[in-house]
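K.L.:
Shown below is the structure under consideration.
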Amino acid sequence: MLYEMKKKSDIKYIQQYGKAYGAFLLHYVLHSICGINNFFVFDSIEEFKKIEGRLPKIVVLRADAKIGDKPTLGVRGRATRKTAVADYINDVKEHNPDGVVLCMDTDVENQNKSIDGSFNVYFDWGKKVYIDYLGAGFDVGGITKGEDNHEMWQIDWNNLLFVKPNDMNRYRTYLISDEEYKKSAERKIKFLMKNNKCNEEEARKQVPETYKSMPPSIKEEILDKIVFEIYSKKDDLRKLGLKSFGVQGMIRGGELFPVEINRMERFIEKDVFLRNERDYEGR
């Protein structure tokens with residue numbers, strides 16, 4: 001199997017995969033800020049070799065699986081050179097023999113911009129909008145995996161169109177303390193040393209010692225380019241059956257770089273699987 005976002009005939013197959021379909025929805029709904037030029041779904045090095053020459057030096061890889069099947073857990077997404085794709089495929093298959101790889105061609109990764117933070121903007125349509133944020137040096141995996149959160153906002157639907165960047169903190173429900181941030185930073189440094197195979201000095205350069213709140217410019221970007229843009233496309237979202245969903249991504253070079261529209265069914269499937277695994281282990 002080898003599916004490509006730009007091939008219309010492949011979309012019906014891409015819809016079967018959680019993260020891949022989320023990336024397609026992002027490209028469809030928020031095309032103006034979607035940095036994804038194209039993406040492929042494959043499950044073998046032979047399939048990757050067929051499209052390797054069409055990809056840039058750096059690609060974004062994410063482990064995926066069919067919606068409703070066993071999710072591919074334990075394999076974190078990464079930006080890497082094409083020479084490392086074979087190892088990533090092997091890692092996916094070790095965790096889930098039925099797992100696949102989502103391989104994205106993006107502009108921002110090849111510009112080598114630093115990670116200025118990450119976000120998840122979650123819409124509970126007609127009720128509330130939730131915004132989660134991690135500071136500089138932290139990728140979005142910290143939010144989606146429930147490992148970290150530095151700042152959170154909750155906006156009632158009736159107030160949504162009246163929110164401005166300079167009064168967003170009226171809706172803030174959480175701000176990490178200095179003490180808790182130090183713990184968060186140490187966890188991230190250890191993660192970078194283990195997974196990125198860098199030394200402690202290199203890891204500490206990537207993670208600020210103190211937390212800085214979300215900049216006003218990013219608040220404005222999130223409101224204008226995600227919250228209000230999504231709200232204006234309510235008819236399109238209704239056709240797609242999107243009622244409870246989030247837009248997640250990172251901030252690179254002071255700009256938003258969303259990577260996926262995540263839907264509730266993905267997390268329900270994952271949660272059910274995890275509960276079943278725990279029940280089985282307890283027998």
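Ligands are numbered from 1 in the order shown, chains are lettered A, B, ... in the order of the structure tokens, and residues start at 1 in each chain.
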With only C-alpha atoms counted and 10 Å as the cut-off, give the residues of region 13-129 of chain A in contact with region 245-269 of chain A, each with its shortest interatomic distance in Å and the pair that gives it, as JSON lines.

P.N.:
{"residue": "A:Tyr17", "atom": "CA", "partner": "A:Arg266", "partner_atom": "CA", "distance": 9.4}
{"residue": "A:Gly18", "atom": "CA", "partner": "A:Arg266", "partner_atom": "CA", "distance": 6.1}
{"residue": "A:Lys19", "atom": "CA", "partner": "A:Glu260", "partner_atom": "CA", "distance": 6.9}
{"residue": "A:Ala20", "atom": "CA", "partner": "A:Glu260", "partner_atom": "CA", "distance": 8.2}
{"residue": "A:Tyr21", "atom": "CA", "partner": "A:Ile261", "partner_atom": "CA", "distance": 8.3}
{"residue": "A:Gly22", "atom": "CA", "partner": "A:Ile261", "partner_atom": "CA", "distance": 4.6}
{"residue": "A:Ala23", "atom": "CA", "partner": "A:Glu260", "partner_atom": "CA", "distance": 4.5}
{"residue": "A:Phe24", "atom": "CA", "partner": "A:Glu260", "partner_atom": "CA", "distance": 7.8}
{"residue": "A:Leu25", "atom": "CA", "partner": "A:Ile261", "partner_atom": "CA", "distance": 6.2}
{"residue": "A:Leu26", "atom": "CA", "partner": "A:Ile261", "partner_atom": "CA", "distance": 5.4}
{"residue": "A:His27", "atom": "CA", "partner": "A:Glu260", "partner_atom": "CA", "distance": 8.5}
{"residue": "A:Val29", "atom": "CA", "partner": "A:Ile261", "partner_atom": "CA", "distance": 9.0}
{"residue": "A:Leu30", "atom": "CA", "partner": "A:Pro258", "partner_atom": "CA", "distance": 8.9}
{"residue": "A:Ile33", "atom": "CA", "partner": "A:Phe257", "partner_atom": "CA", "distance": 7.0}
{"residue": "A:Cys34", "atom": "CA", "partner": "A:Pro258", "partner_atom": "CA", "distance": 6.2}
{"residue": "A:Gly35", "atom": "CA", "partner": "A:Phe257", "partner_atom": "CA", "distance": 6.4}
{"residue": "A:Ile36", "atom": "CA", "partner": "A:Val259", "partner_atom": "CA", "distance": 7.8}
{"residue": "A:Val60", "atom": "CA", "partner": "A:Val259", "partner_atom": "CA", "distance": 9.8}
{"residue": "A:Lys66", "atom": "CA", "partner": "A:Arg266", "partner_atom": "CA", "distance": 9.7}
{"residue": "A:Ile67", "atom": "CA", "partner": "A:Arg266", "partner_atom": "CA", "distance": 6.7}
{"residue": "A:Gly68", "atom": "CA", "partner": "A:Glu269", "partner_atom": "CA", "distance": 6.1}
{"residue": "A:Asp69", "atom": "CA", "partner": "A:Glu269", "partner_atom": "CA", "distance": 8.1}
{"residue": "A:Lys70", "atom": "CA", "partner": "A:Glu269", "partner_atom": "CA", "distance": 8.3}
{"residue": "A:Pro71", "atom": "CA", "partner": "A:Glu269", "partner_atom": "CA", "distance": 7.9}
{"residue": "A:Met104", "atom": "CA", "partner": "A:Val259", "partner_atom": "CA", "distance": 9.4}
{"residue": "A:Thr106", "atom": "CA", "partner": "A:Phe257", "partner_atom": "CA", "distance": 9.6}
{"residue": "A:Asp107", "atom": "CA", "partner": "A:Phe257", "partner_atom": "CA", "distance": 9.9}
{"residue": "A:Val108", "atom": "CA", "partner": "A:Arg252", "partner_atom": "CA", "distance": 7.4}
{"residue": "A:Glu109", "atom": "CA", "partner": "A:Arg252", "partner_atom": "CA", "distance": 8.9}
{"residue": "A:Gln111", "atom": "CA", "partner": "A:Gly253", "partner_atom": "CA", "distance": 9.4}
{"residue": "A:Asn112", "atom": "CA", "partner": "A:Arg252", "partner_atom": "CA", "distance": 8.9}
{"residue": "A:Lys113", "atom": "CA", "partner": "A:Gly253", "partner_atom": "CA", "distance": 5.5}
{"residue": "A:Ser114", "atom": "CA", "partner": "A:Arg252", "partner_atom": "CA", "distance": 5.8}
{"residue": "A:Ile115", "atom": "CA", "partner": "A:Arg252", "partner_atom": "CA", "distance": 5.0}
{"residue": "A:Asp116", "atom": "CA", "partner": "A:Ile251", "partner_atom": "CA", "distance": 5.1}
{"residue": "A:Gly117", "atom": "CA", "partner": "A:Ile251", "partner_atom": "CA", "distance": 5.1}
{"residue": "A:Ser118", "atom": "CA", "partner": "A:Met250", "partner_atom": "CA", "distance": 3.9}
{"residue": "A:Phe119", "atom": "CA", "partner": "A:Gly249", "partner_atom": "CA", "distance": 5.6}
{"residue": "A:Asn120", "atom": "CA", "partner": "A:Gln248", "partner_atom": "CA", "distance": 4.2}
{"residue": "A:Val121", "atom": "CA", "partner": "A:Val247", "partner_atom": "CA", "distance": 5.2}
{"residue": "A:Tyr122", "atom": "CA", "partner": "A:Gly246", "partner_atom": "CA", "distance": 3.9}
{"residue": "A:Phe123", "atom": "CA", "partner": "A:Phe245", "partner_atom": "CA", "distance": 5.4}
{"residue": "A:Asp124", "atom": "CA", "partner": "A:Phe245", "partner_atom": "CA", "distance": 6.9}
{"residue": "A:Trp125", "atom": "CA", "partner": "A:Phe245", "partner_atom": "CA", "distance": 8.4}
{"residue": "A:Val129", "atom": "CA", "partner": "A:Gly246", "partner_atom": "CA", "distance": 9.2}

K.L.:
Tell me, which residues of region 143-200 of chain A carry DSSP alpha helix (DSSP H), written as a VMD selection string?

P.N.:
chain A and resid 143 to 144 178 to 195 200

K.L.:
Generate the output file for the selected residues, N, CA and C atoms, as a tab-separated table (two decimals), in the first residue's frame.

P.N.:
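Okay, part.tsv is ready:
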chain	number	residue	atom	x	y	z
A	143	ILE	N	1.58	17.96	24.77
A	143	ILE	CA	0.15	18.23	25.01
A	143	ILE	C	-0.69	17.00	24.67
A	144	THR	N	-0.49	16.46	23.47
A	144	THR	CA	-1.36	15.38	23.00
A	144	THR	C	-1.19	14.10	23.82
A	178	ASP	N	6.58	28.74	38.66
A	178	ASP	CA	8.02	28.65	38.40
A	178	ASP	C	8.57	27.29	38.82
A	179	GLU	N	8.11	26.81	39.96
A	179	GLU	CA	8.59	25.52	40.47
A	179	GLU	C	8.18	24.37	39.55
A	180	GLU	N	6.92	24.38	39.12
A	180	GLU	CA	6.44	23.31	38.24
A	180	GLU	C	7.10	23.39	36.86
A	181	TYR	N	7.38	24.60	36.42
A	181	TYR	CA	8.04	24.73	35.11
A	181	TYR	C	9.45	24.12	35.15
A	182	LYS	N	10.17	24.31	36.25
A	182	LYS	CA	11.51	23.73	36.37
A	182	LYS	C	11.45	22.21	36.23
A	183	LYS	N	10.42	21.60	36.84
A	183	LYS	CA	10.25	20.15	36.72
A	183	LYS	C	9.94	19.77	35.27
A	184	SER	N	9.08	20.56	34.63
A	184	SER	CA	8.71	20.31	33.24
A	184	SER	C	9.94	20.42	32.33
A	185	ALA	N	10.77	21.45	32.57
A	185	ALA	CA	11.98	21.65	31.76
A	185	ALA	C	12.96	20.49	31.94
A	186	GLU	N	13.11	20.01	33.17
A	186	GLU	CA	14.03	18.89	33.40
A	186	GLU	C	13.55	17.62	32.71
A	187	ARG	N	12.24	17.39	32.72
A	187	ARG	CA	11.69	16.22	32.01
A	187	ARG	C	12.00	16.31	30.53
A	188	LYS	N	11.83	17.51	29.97
A	188	LYS	CA	12.07	17.71	28.55
A	188	LYS	C	13.55	17.53	28.21
A	189	ILE	N	14.42	18.02	29.04
A	189	ILE	CA	15.86	17.88	28.81
A	189	ILE	C	16.26	16.41	28.80
A	190	LYS	N	15.74	15.64	29.75
A	190	LYS	CA	16.03	14.20	29.78
A	190	LYS	C	15.49	13.50	28.54
A	191	PHE	N	14.30	13.93	28.10
A	191	PHE	CA	13.71	13.35	26.90
A	191	PHE	C	14.59	13.63	25.68
A	192	LEU	N	15.06	14.87	25.54
A	192	LEU	CA	15.90	15.24	24.40
A	192	LEU	C	17.21	14.46	24.41
A	193	MET	N	17.79	14.28	25.57
A	193	MET	CA	19.05	13.54	25.68
A	193	MET	C	18.87	12.08	25.27
A	194	LYS	N	17.73	11.51	25.64
A	194	LYS	CA	17.48	10.10	25.34
A	194	LYS	C	17.04	9.89	23.89
A	195	ASN	N	16.10	10.69	23.43
A	195	ASN	CA	15.49	10.44	22.12
A	195	ASN	C	16.21	11.15	20.98
A	200	GLU	N	23.82	16.84	27.48
A	200	GLU	CA	23.04	17.71	28.36
A	200	GLU	C	23.17	19.18	27.99

K.L.:
Show which residues sit within 7 Å of Tyr174 (chain A), as number ranges by chain. Count only C-alpha atoms, and ignore same-chain residues fewer than 2 positions away.

P.N.:
A: 151-152, 172, 176

K.L.:
Since we have the selection now, will you write its residues out, keeping N, CA and C atoms, as a PDB file, in the first residue's frame?

P.N.:
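Generated output (part07.pdb):
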ATOM      1  N   GLU A 151       0.129  26.508  29.921  1.00  0.00           N
ATOM      2  CA  GLU A 151      -0.877  27.564  30.005  1.00  0.00           C
ATOM      3  C   GLU A 151      -2.144  27.078  29.302  1.00  0.00           C
ATOM      4  N   MET A 152      -3.308  27.438  29.868  1.00  0.00           N
ATOM      5  CA  MET A 152      -4.580  26.969  29.308  1.00  0.00           C
ATOM      6  C   MET A 152      -5.623  28.085  29.357  1.00  0.00           C
ATOM      7  N   ARG A 172      -8.069  32.721  30.970  1.00  0.00           N
ATOM      8  CA  ARG A 172      -7.014  31.758  31.323  1.00  0.00           C
ATOM      9  C   ARG A 172      -7.423  30.952  32.552  1.00  0.00           C
ATOM     10  N   ILE A 176       1.387  27.786  34.612  1.00  0.00           N
ATOM     11  CA  ILE A 176       2.339  26.971  35.366  1.00  0.00           C
ATOM     12  C   ILE A 176       3.167  27.849  36.314  1.00  0.00           C
TER      13      ILE A 176
END

K.L.:
For Arg62 (chain A), list every protein, DNA or RNA residue within 9 Å, evaluated using only C-alpha atoms, and leave out those in the same chain fewer than 6 positions away; present the list as a PyMOL selection string.

P.N.:
chain A and resi 19-20+75-79+88+100-104

K.L.:
Need to verify the contact set: Lys57 (chain A), 10 Å, only C-alpha atoms, exclusion of same-chain residues closer than 3 positions in sequence. Can you return it as a PyMOL selection string?

P.N.:
chain A and resi 52-54+80-83+105+109-110

K.L.:
Could you check how far CA of Glu46 (chain A) sits from CA of Pro97 (chain A), in Å to one decimal?

P.N.:
16.1 Å

K.L.:
For Tyr231 (chain A), please output as a list in words all residues within 10 Å (counting only C-alpha atoms; exclusion window: fewer than 2 positions along the same chain).

P.N.:
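These residues fall inside the cut-off: Phe123, Trp125, Leu160, Leu161, Ile226, Val227, Phe228, Glu229, Lys233, Lys234, Asp235 and Leu237 of chain A.
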
K.L.:
Keeping only all heavy atoms, write the selected residues to a file as a CSV table (one decimal), in the first residue's frame.

P.N.:
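Once everything was written out, this is result_10.csv:
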chain,number,residue,atom,x,y,z
A,123,PHE,N,-12.2,22.6,19.8
A,123,PHE,CA,-13.5,23.1,19.6
A,123,PHE,C,-14.6,22.1,20.1
A,123,PHE,O,-14.7,21.0,19.5
A,123,PHE,CB,-13.8,23.4,18.1
A,123,PHE,CG,-13.0,24.5,17.6
A,123,PHE,CD1,-11.6,24.3,17.2
A,123,PHE,CD2,-13.5,25.8,17.4
A,123,PHE,CE1,-10.9,25.3,16.6
A,123,PHE,CE2,-12.7,26.8,16.9
A,123,PHE,CZ,-11.4,26.6,16.5
A,125,TRP,N,-18.0,22.3,19.7
A,125,TRP,CA,-18.8,23.2,18.8
A,125,TRP,C,-20.1,23.6,19.5
A,125,TRP,O,-20.9,22.8,20.0
A,125,TRP,CB,-19.2,22.5,17.5
A,125,TRP,CG,-19.5,23.6,16.5
A,125,TRP,CD1,-20.8,24.0,16.1
A,125,TRP,CD2,-18.6,24.3,15.7
A,125,TRP,NE1,-20.7,24.9,15.2
A,125,TRP,CE2,-19.4,25.2,14.9
A,125,TRP,CE3,-17.2,24.4,15.6
A,125,TRP,CZ2,-18.8,26.1,14.0
A,125,TRP,CZ3,-16.6,25.3,14.7
A,125,TRP,CH2,-17.4,26.1,13.9
A,160,LEU,N,-17.0,34.0,22.0
A,160,LEU,CA,-15.9,33.7,21.1
A,160,LEU,C,-15.5,34.8,20.1
A,160,LEU,O,-14.4,35.1,19.9
A,160,LEU,CB,-16.3,32.4,20.3
A,160,LEU,CG,-15.2,31.7,19.5
A,160,LEU,CD1,-14.1,31.3,20.4
A,160,LEU,CD2,-15.8,30.5,18.8
A,161,LEU,N,-16.5,35.4,19.5
A,161,LEU,CA,-16.2,36.4,18.5
A,161,LEU,C,-15.8,37.8,19.0
A,161,LEU,O,-15.5,38.7,18.3
A,161,LEU,CB,-17.5,36.6,17.6
A,161,LEU,CG,-17.9,35.4,16.8
A,161,LEU,CD1,-19.1,35.7,15.9
A,161,LEU,CD2,-16.7,34.9,15.9
A,226,ILE,N,-6.9,30.6,13.3
A,226,ILE,CA,-7.5,29.3,13.6
A,226,ILE,C,-8.9,29.5,14.1
A,226,ILE,O,-9.9,29.0,13.5
A,226,ILE,CB,-6.6,28.5,14.7
A,226,ILE,CG1,-5.3,28.2,14.0
A,226,ILE,CG2,-7.4,27.3,15.1
A,226,ILE,CD1,-4.4,27.4,15.0
A,227,VAL,N,-9.1,30.2,15.3
A,227,VAL,CA,-10.4,30.2,15.9
A,227,VAL,C,-11.4,30.9,15.0
A,227,VAL,O,-12.5,30.3,14.7
A,227,VAL,CB,-10.3,31.0,17.2
A,227,VAL,CG1,-11.7,31.2,17.8
A,227,VAL,CG2,-9.4,30.2,18.2
A,228,PHE,N,-11.2,32.1,14.5
A,228,PHE,CA,-12.1,32.8,13.7
A,228,PHE,C,-12.3,32.2,12.3
A,228,PHE,O,-13.4,32.2,11.7
A,228,PHE,CB,-11.8,34.3,13.6
A,228,PHE,CG,-11.7,35.0,14.9
A,228,PHE,CD1,-10.9,36.1,15.1
A,228,PHE,CD2,-12.5,34.6,15.9
A,228,PHE,CE1,-10.8,36.8,16.3
A,228,PHE,CE2,-12.5,35.3,17.2
A,228,PHE,CZ,-11.7,36.4,17.3
A,229,GLU,N,-11.2,31.7,11.8
A,229,GLU,CA,-11.2,31.0,10.5
A,229,GLU,C,-12.1,29.8,10.5
A,229,GLU,O,-12.9,29.5,9.6
A,229,GLU,CB,-9.8,30.7,10.0
A,229,GLU,CG,-9.7,30.1,8.6
A,229,GLU,CD,-10.0,31.0,7.5
A,229,GLU,OE1,-10.1,32.3,7.7
A,229,GLU,OE2,-10.3,30.5,6.4
A,233,LYS,N,-16.1,28.7,8.8
A,233,LYS,CA,-16.3,27.6,7.9
A,233,LYS,C,-17.2,26.6,8.5
A,233,LYS,O,-17.1,25.4,8.2
A,233,LYS,CB,-14.9,27.0,7.5
A,233,LYS,CG,-14.0,27.9,6.7
A,233,LYS,CD,-12.7,27.2,6.3
A,233,LYS,CE,-11.9,28.2,5.4
A,233,LYS,NZ,-10.6,27.6,5.0
A,234,LYS,N,-18.1,27.0,9.3
A,234,LYS,CA,-19.0,26.1,9.9
A,234,LYS,C,-19.8,25.2,9.0
A,234,LYS,O,-20.1,24.1,9.3
A,234,LYS,CB,-19.9,26.8,10.9
A,234,LYS,CG,-20.7,28.0,10.4
A,234,LYS,CD,-21.5,28.7,11.5
A,234,LYS,CE,-22.2,30.0,11.0
A,234,LYS,NZ,-21.3,31.0,10.7
A,235,ASP,N,-20.2,25.7,7.8
A,235,ASP,CA,-21.0,24.9,6.9
A,235,ASP,C,-20.1,23.8,6.3
A,235,ASP,O,-20.6,22.7,6.2
A,235,ASP,CB,-21.5,25.8,5.7
A,235,ASP,CG,-22.5,26.8,6.2
A,235,ASP,OD1,-23.2,26.5,7.2
A,235,ASP,OD2,-22.7,27.8,5.5
A,237,LEU,N,-17.6,22.4,7.8
A,237,LEU,CA,-17.3,21.5,8.9
A,237,LEU,C,-18.5,20.6,9.2
A,237,LEU,O,-18.4,19.4,9.5
A,237,LEU,CB,-17.0,22.3,10.2
A,237,LEU,CG,-15.8,23.2,10.2
A,237,LEU,CD1,-15.6,23.9,11.5
A,237,LEU,CD2,-14.5,22.3,9.9
